[in-house]
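Take a look at the structure below.
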Amino acid sequence: MSVEPNRHAHDDVAQAEALHEAYNRLRQAIGRVIVGQEAIIEQLLISLLARGHCLLIGVPGLAKTLLVRTVARVLDLKFSRIQFTPDLMPSDITGTEIIEEDVHSGRRYFKFVQGPIFANIVLADEINRTPPKTQAALLEAMQEYRVTVAGQTYTLEEPFFVLATQNPIEQEGTYPLPEAQLDRFMFNLWLDYPTFEQEVEVVRLTTADREVELEPVLNAEQILAFQRLVRRVPVAEHVIAYAVRMARRTRPGQPEAPDFVRTWVSWGAGPRASQYLILGAKARALLAGRLTPEVEDVRSVAVAVLRHRIVTNFNAEADGIRPEHIVERLLALD
């Protein structure tokens, strides 16, 4: 009777090796188009494997769209970009019903025309530029993997990965995402300016007559299999306990919260943060070629998972303290 579990374990080891090898090829392929940003690329792939979504913060001109489009190409996935504007309607995202007429019978009927949400990777550009009603249409699709139009429900094709961007500079005329909606994003990633050497390389490559041919490394079916593999990865109890303790320490009302959290934080991260810390750690371990995550994997994804789930108070603002500073201080405790 013990043969079946062993066979599954053997299959998982083979799959994990295949994922690690594919990840190396993915990095090489993406690196032919994107200069630097290795950490961002790794975290995007971790989020995709964990069936999460990402919120990417970065000033204009840092090649966010090119990065996501390149990831979609090497993963052989359908890519869609939605430019969020103040006049964008929910139906502009989900799709709408139009009236068509049968040429033979003359009978009219409604036909559903799919919106740009019907893709595997959706880039939601400047999500905070559109009103809450339209934001909610996207966020519902992220959560439910389906959309409802005129009482009819349509299932989205998996894998389904949303990467929403925000510009950190211009705040006039924007609609910030409420905390409950921010919580739907697994990671909050900050895109930094390139180093001098990287910027020289970017300018050299982008001002030349150069077209890069990219071969797909993984397809949708393989990605879905790897997503299921992430869920099957075993985790030691002390690693789970570390992740839960990390999330609980962000809550000022908990006895394990340190004094600086009580001073600077109004609301801490909920249980979803603990789940994403573990899922992120699992995916990171697999990408590194390991079959089970360690505490270091949890620590590696902690800032991206926690910073948008911590609501700081007036004391923190007065002291110049941001959520990521609090996470870094929590990491320094252990």
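Going by the structure tokens order, chains are called A, B, ..., each with residues numbered from 1, while ligands are numbered from 1 in the order shown.
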
So that each row is one residue of range 148-221 of chain A with an atom at most 12 Å from range 92-96 of chain A, can you give its shortest atom pair and the distance in Å to one decimal, using only C-alpha atoms, rows by chain and rising number, as JSON lines?
```
{"residue": "A:Thr148", "atom": "CA", "partner": "A:Thr94", "partner_atom": "CA", "distance": 8.0}
{"residue": "A:Val149", "atom": "CA", "partner": "A:Thr96", "partner_atom": "CA", "distance": 6.9}
{"residue": "A:Ala150", "atom": "CA", "partner": "A:Thr96", "partner_atom": "CA", "distance": 8.4}
{"residue": "A:Gly151", "atom": "CA", "partner": "A:Thr96", "partner_atom": "CA", "distance": 11.6}
{"residue": "A:Gln152", "atom": "CA", "partner": "A:Thr96", "partner_atom": "CA", "distance": 10.9}
{"residue": "A:Thr153", "atom": "CA", "partner": "A:Thr94", "partner_atom": "CA", "distance": 10.8}
{"residue": "A:Tyr154", "atom": "CA", "partner": "A:Thr94", "partner_atom": "CA", "distance": 9.5}
{"residue": "A:Thr155", "atom": "CA", "partner": "A:Thr94", "partner_atom": "CA", "distance": 11.1}
{"residue": "A:Leu156", "atom": "CA", "partner": "A:Thr94", "partner_atom": "CA", "distance": 10.2}
```

Writer output for current selection, N, CA and C atoms, as a compact mmCIF listing (two decimals), in the first residue's frame:
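Result written to again_9.txt:
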```
# COMPACT_ATOMS: atom_id res chain seq x y z
N THR A 148 -19.28 38.36 -13.75
CA THR A 148 -20.72 38.27 -13.95
C THR A 148 -21.18 39.48 -14.74
N VAL A 149 -21.83 39.23 -15.88
CA VAL A 149 -22.35 40.30 -16.73
C VAL A 149 -23.80 39.98 -17.06
N ALA A 150 -24.68 40.94 -16.75
CA ALA A 150 -26.13 40.79 -17.02
C ALA A 150 -26.67 39.48 -16.46
N GLY A 151 -26.22 39.15 -15.25
CA GLY A 151 -26.73 37.95 -14.57
C GLY A 151 -26.10 36.65 -15.02
N GLN A 152 -25.23 36.71 -16.01
CA GLN A 152 -24.57 35.50 -16.52
C GLN A 152 -23.13 35.46 -16.01
N THR A 153 -22.70 34.30 -15.54
CA THR A 153 -21.35 34.17 -15.00
C THR A 153 -20.43 33.50 -16.02
N TYR A 154 -19.25 34.09 -16.21
CA TYR A 154 -18.25 33.56 -17.15
C TYR A 154 -16.97 33.26 -16.38
N THR A 155 -16.45 32.06 -16.55
CA THR A 155 -15.24 31.64 -15.85
C THR A 155 -14.01 32.09 -16.63
N LEU A 156 -13.03 32.61 -15.88
CA LEU A 156 -11.78 33.05 -16.51
C LEU A 156 -10.84 31.86 -16.69
```

(message) Could you go through range 31-60 of chain A and tell me which residues DSSP, when run on the backbone, assigns to alpha helix (DSSP H), listing them as JSON, numbers by chain?
(response) {"A": [31, 38, 39, 40, 41, 42, 43, 44, 45, 46, 47, 48, 49]}

Kindly export the residues of the current selection with C-alpha atoms, as a CSV table (one decimal), in the first residue's frame.
```csv
chain,number,residue,atom,x,y,z
A,31,GLY,CA,17.5,38.9,-19.4
A,38,GLU,CA,16.3,40.0,-11.1
A,39,ALA,CA,14.6,40.3,-7.7
A,40,ILE,CA,11.4,41.7,-9.3
A,41,ILE,CA,11.4,38.9,-11.9
A,42,GLU,CA,11.8,36.2,-9.2
A,43,GLN,CA,9.0,37.7,-7.1
A,44,LEU,CA,6.6,37.9,-10.1
A,45,LEU,CA,7.2,34.2,-10.9
A,46,ILE,CA,6.8,33.3,-7.2
A,47,SER,CA,3.5,35.1,-7.1
A,48,LEU,CA,2.3,33.4,-10.4
A,49,LEU,CA,3.3,30.0,-9.0
```

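Among A:Glu17, A:Asp76, A:Asp102, A:Glu144, the residue with the shortest atom-to-atom distance to Leu214 in chain A, counting only C-alpha atoms, is A:Asp76.
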
Using only C-alpha atoms, which residues sit within 8 Å of range 178-184 of chain A once same-chain residues fewer than 3 positions away are excluded, as a CSV table (one decimal) with N, CA and C atoms, in the first residue's frame?
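For reference, selection.csv as written:
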```
chain,number,residue,atom,x,y,z
A,53,HIS,N,-1.5,37.6,-6.9
A,53,HIS,CA,-1.4,38.8,-7.8
A,53,HIS,C,-0.5,39.8,-7.2
A,139,LEU,N,-11.0,43.6,-9.1
A,139,LEU,CA,-10.6,42.9,-7.8
A,139,LEU,C,-11.5,41.7,-7.6
A,142,MET,N,-10.2,39.0,-9.7
A,142,MET,CA,-9.0,38.4,-9.1
A,142,MET,C,-9.3,37.4,-8.1
A,143,GLN,N,-10.3,37.7,-7.3
A,143,GLN,CA,-10.7,36.8,-6.2
A,143,GLN,C,-11.4,35.6,-6.6
A,272,ARG,N,-4.4,36.2,6.0
A,272,ARG,CA,-4.0,36.0,4.6
A,272,ARG,C,-2.5,36.3,4.5
A,308,HIS,N,2.0,46.3,2.4
A,308,HIS,CA,0.7,46.9,2.1
A,308,HIS,C,-0.4,46.4,3.0
A,309,ARG,N,0.0,45.6,4.0
A,309,ARG,CA,-1.1,45.1,4.9
A,309,ARG,C,-0.9,45.8,6.3
```

(message) Can you pull out the residues contacting Ile99 in chain A? Cut-off 10 Å, using only C-alpha atoms, and skip same-chain residues under 4 positions away; I want them as a list in words.
(response) Arg108, Tyr109, Phe110, Lys111 and Phe112 of chain A

List as a Markdown table every residue of range 145-242 of chain A that is in contact with range 77-80 of chain A, defined as an atom at most 10 Å from one of its atoms (using only C-alpha atoms), together with the nearest atom pair and the distance in Å rounded to one decimal, sorted by chain and then rising number.
```
| residue | atom | partner | partner_atom | distance |
| --- | --- | --- | --- | --- |
| A:Glu157 | CA | A:Lys78 | CA | 9.9 |
| A:Glu158 | CA | A:Leu77 | CA | 9.9 |
| A:Pro159 | CA | A:Leu77 | CA | 8.5 |
| A:Phe160 | CA | A:Leu77 | CA | 9.5 |
| A:Phe161 | CA | A:Phe79 | CA | 9.8 |
| A:Val162 | CA | A:Ser80 | CA | 9.7 |
| A:Pro216 | CA | A:Leu77 | CA | 8.9 |
| A:Leu218 | CA | A:Leu77 | CA | 8.7 |
| A:Asn219 | CA | A:Leu77 | CA | 6.7 |
| A:Ala220 | CA | A:Leu77 | CA | 6.4 |
| A:Ile223 | CA | A:Leu77 | CA | 9.9 |
```

Can I get the selection written as a PDB file, in the first residue's frame, with N, CA and C atoms?
```pdb
ATOM      1  N   GLU A 157     -10.090  31.886 -17.763  1.00  0.00           N
ATOM      2  CA  GLU A 157      -9.152  30.799 -18.062  1.00  0.00           C
ATOM      3  C   GLU A 157      -7.938  30.897 -17.141  1.00  0.00           C
ATOM      4  N   GLU A 158      -7.523  29.773 -16.600  1.00  0.00           N
ATOM      5  CA  GLU A 158      -6.326  29.746 -15.748  1.00  0.00           C
ATOM      6  C   GLU A 158      -5.126  29.232 -16.553  1.00  0.00           C
ATOM      7  N   PRO A 159      -3.909  29.642 -16.168  1.00  0.00           N
ATOM      8  CA  PRO A 159      -3.575  30.518 -15.045  1.00  0.00           C
ATOM      9  C   PRO A 159      -4.046  31.947 -15.286  1.00  0.00           C
ATOM     10  N   PHE A 160      -4.410  32.612 -14.195  1.00  0.00           N
ATOM     11  CA  PHE A 160      -4.891  33.996 -14.268  1.00  0.00           C
ATOM     12  C   PHE A 160      -4.092  34.818 -13.269  1.00  0.00           C
ATOM     13  N   PHE A 161      -3.364  35.803 -13.797  1.00  0.00           N
ATOM     14  CA  PHE A 161      -2.416  36.563 -12.988  1.00  0.00           C
ATOM     15  C   PHE A 161      -2.586  38.045 -13.294  1.00  0.00           C
ATOM     16  N   VAL A 162      -2.902  38.833 -12.266  1.00  0.00           N
ATOM     17  CA  VAL A 162      -3.072  40.283 -12.437  1.00  0.00           C
ATOM     18  C   VAL A 162      -1.864  41.002 -11.846  1.00  0.00           C
ATOM     19  N   PRO A 216       9.111  30.508 -26.225  1.00  0.00           N
ATOM     20  CA  PRO A 216       8.395  30.195 -24.977  1.00  0.00           C
ATOM     21  C   PRO A 216       9.086  29.071 -24.208  1.00  0.00           C
ATOM     22  N   LEU A 218       7.668  27.903 -20.948  1.00  0.00           N
ATOM     23  CA  LEU A 218       6.595  27.134 -20.314  1.00  0.00           C
ATOM     24  C   LEU A 218       5.262  27.521 -20.926  1.00  0.00           C
ATOM     25  N   ASN A 219       4.318  26.577 -20.950  1.00  0.00           N
ATOM     26  CA  ASN A 219       2.969  26.897 -21.419  1.00  0.00           C
ATOM     27  C   ASN A 219       1.979  26.869 -20.257  1.00  0.00           C
ATOM     28  N   ALA A 220       0.729  27.189 -20.540  1.00  0.00           N
ATOM     29  CA  ALA A 220      -0.291  27.309 -19.497  1.00  0.00           C
ATOM     30  C   ALA A 220      -0.479  25.999 -18.721  1.00  0.00           C
ATOM     31  N   ILE A 223       2.368  25.459 -16.278  1.00  0.00           N
ATOM     32  CA  ILE A 223       2.287  26.384 -15.144  1.00  0.00           C
ATOM     33  C   ILE A 223       1.226  25.921 -14.145  1.00  0.00           C
TER      34      ILE A 223
END
```

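If you look at CA of Ala22 in chain A and CA of Gln37 in chain A, they are 18.4 Å away from each other.
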
(request) Would you mind listing what lies within 9 Å of Met246 in chain A as a ChimeraX atom specification, with only C-alpha atoms counted and same-chain residues fewer than 6 positions away left out? (result) /A:274,302,327,330-331

Now that the selection is made, can you save its residues with N, CA and C atoms as a PDB file, in the first residue's frame?
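Dumped everything to again.pdb:
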```
ATOM      1  N   SER A 274      -0.160  35.470   6.608  1.00  0.00           N
ATOM      2  CA  SER A 274       0.527  34.240   7.013  1.00  0.00           C
ATOM      3  C   SER A 274       0.486  33.202   5.890  1.00  0.00           C
ATOM      4  N   ALA A 302       8.982  38.509   3.086  1.00  0.00           N
ATOM      5  CA  ALA A 302       8.224  39.193   4.147  1.00  0.00           C
ATOM      6  C   ALA A 302       7.880  40.639   3.803  1.00  0.00           C
ATOM      7  N   VAL A 327       8.576  46.331   8.942  1.00  0.00           N
ATOM      8  CA  VAL A 327       8.857  44.931   8.599  1.00  0.00           C
ATOM      9  C   VAL A 327      10.347  44.628   8.788  1.00  0.00           C
ATOM     10  N   LEU A 330      11.069  44.198  12.367  1.00  0.00           N
ATOM     11  CA  LEU A 330      10.566  42.893  12.833  1.00  0.00           C
ATOM     12  C   LEU A 330      11.520  41.760  12.423  1.00  0.00           C
ATOM     13  N   LEU A 331      12.046  41.845  11.200  1.00  0.00           N
ATOM     14  CA  LEU A 331      12.993  40.826  10.739  1.00  0.00           C
ATOM     15  C   LEU A 331      14.275  40.842  11.569  1.00  0.00           C
TER      16      LEU A 331
END
```

(request) Write out as a PyMOL selection string each polymer residue whose atoms come within 10 Å of range 193-199 of chain A, counting only C-alpha atoms; drop sequence neighbours fewer than 5 positions from it. (result) chain A and resi 34-37+58-59+61-62+204-205

(request) For each of A:Ala283, A:Val239, A:Leu229, A:Leu277, take the minimum atom-to-atom distance to Asp12 in chain A, counting only C-alpha atoms, then give the residue where this is smallest. (result) A:Leu229

Per residue of range 173-217 of chain A within 7 Å of range 120-136 of chain A, what are the shortest atom pair and its distance in Å to one decimal, counting only C-alpha atoms, with rows by chain and residue number, as CSV?
```
residue,atom,partner,partner_atom,distance
A:Gly173,CA,A:Arg129,CA,6.9
A:Thr174,CA,A:Arg129,CA,4.7
A:Tyr175,CA,A:Asn128,CA,4.9
A:Pro176,CA,A:Asn128,CA,5.3
A:Leu177,CA,A:Asn128,CA,6.6
```

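Every protein, DNA or RNA residue with an atom at most 6 Å from Ala304 in chain A, where only C-alpha atoms count and chain neighbours fewer than 3 positions away do not, is listed here: Phe187, Asn188, Leu189 and Val301 of chain A.
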
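Distances from A:Pro116, A:Pro323, A:Gly52, A:Pro234 to Ile82 in chain A were compared using only C-alpha atoms, and the smallest one belongs to A:Pro116.
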
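The space between CA of Leu333 in chain A and CA of His238 in chain A spans 16.4 Å.
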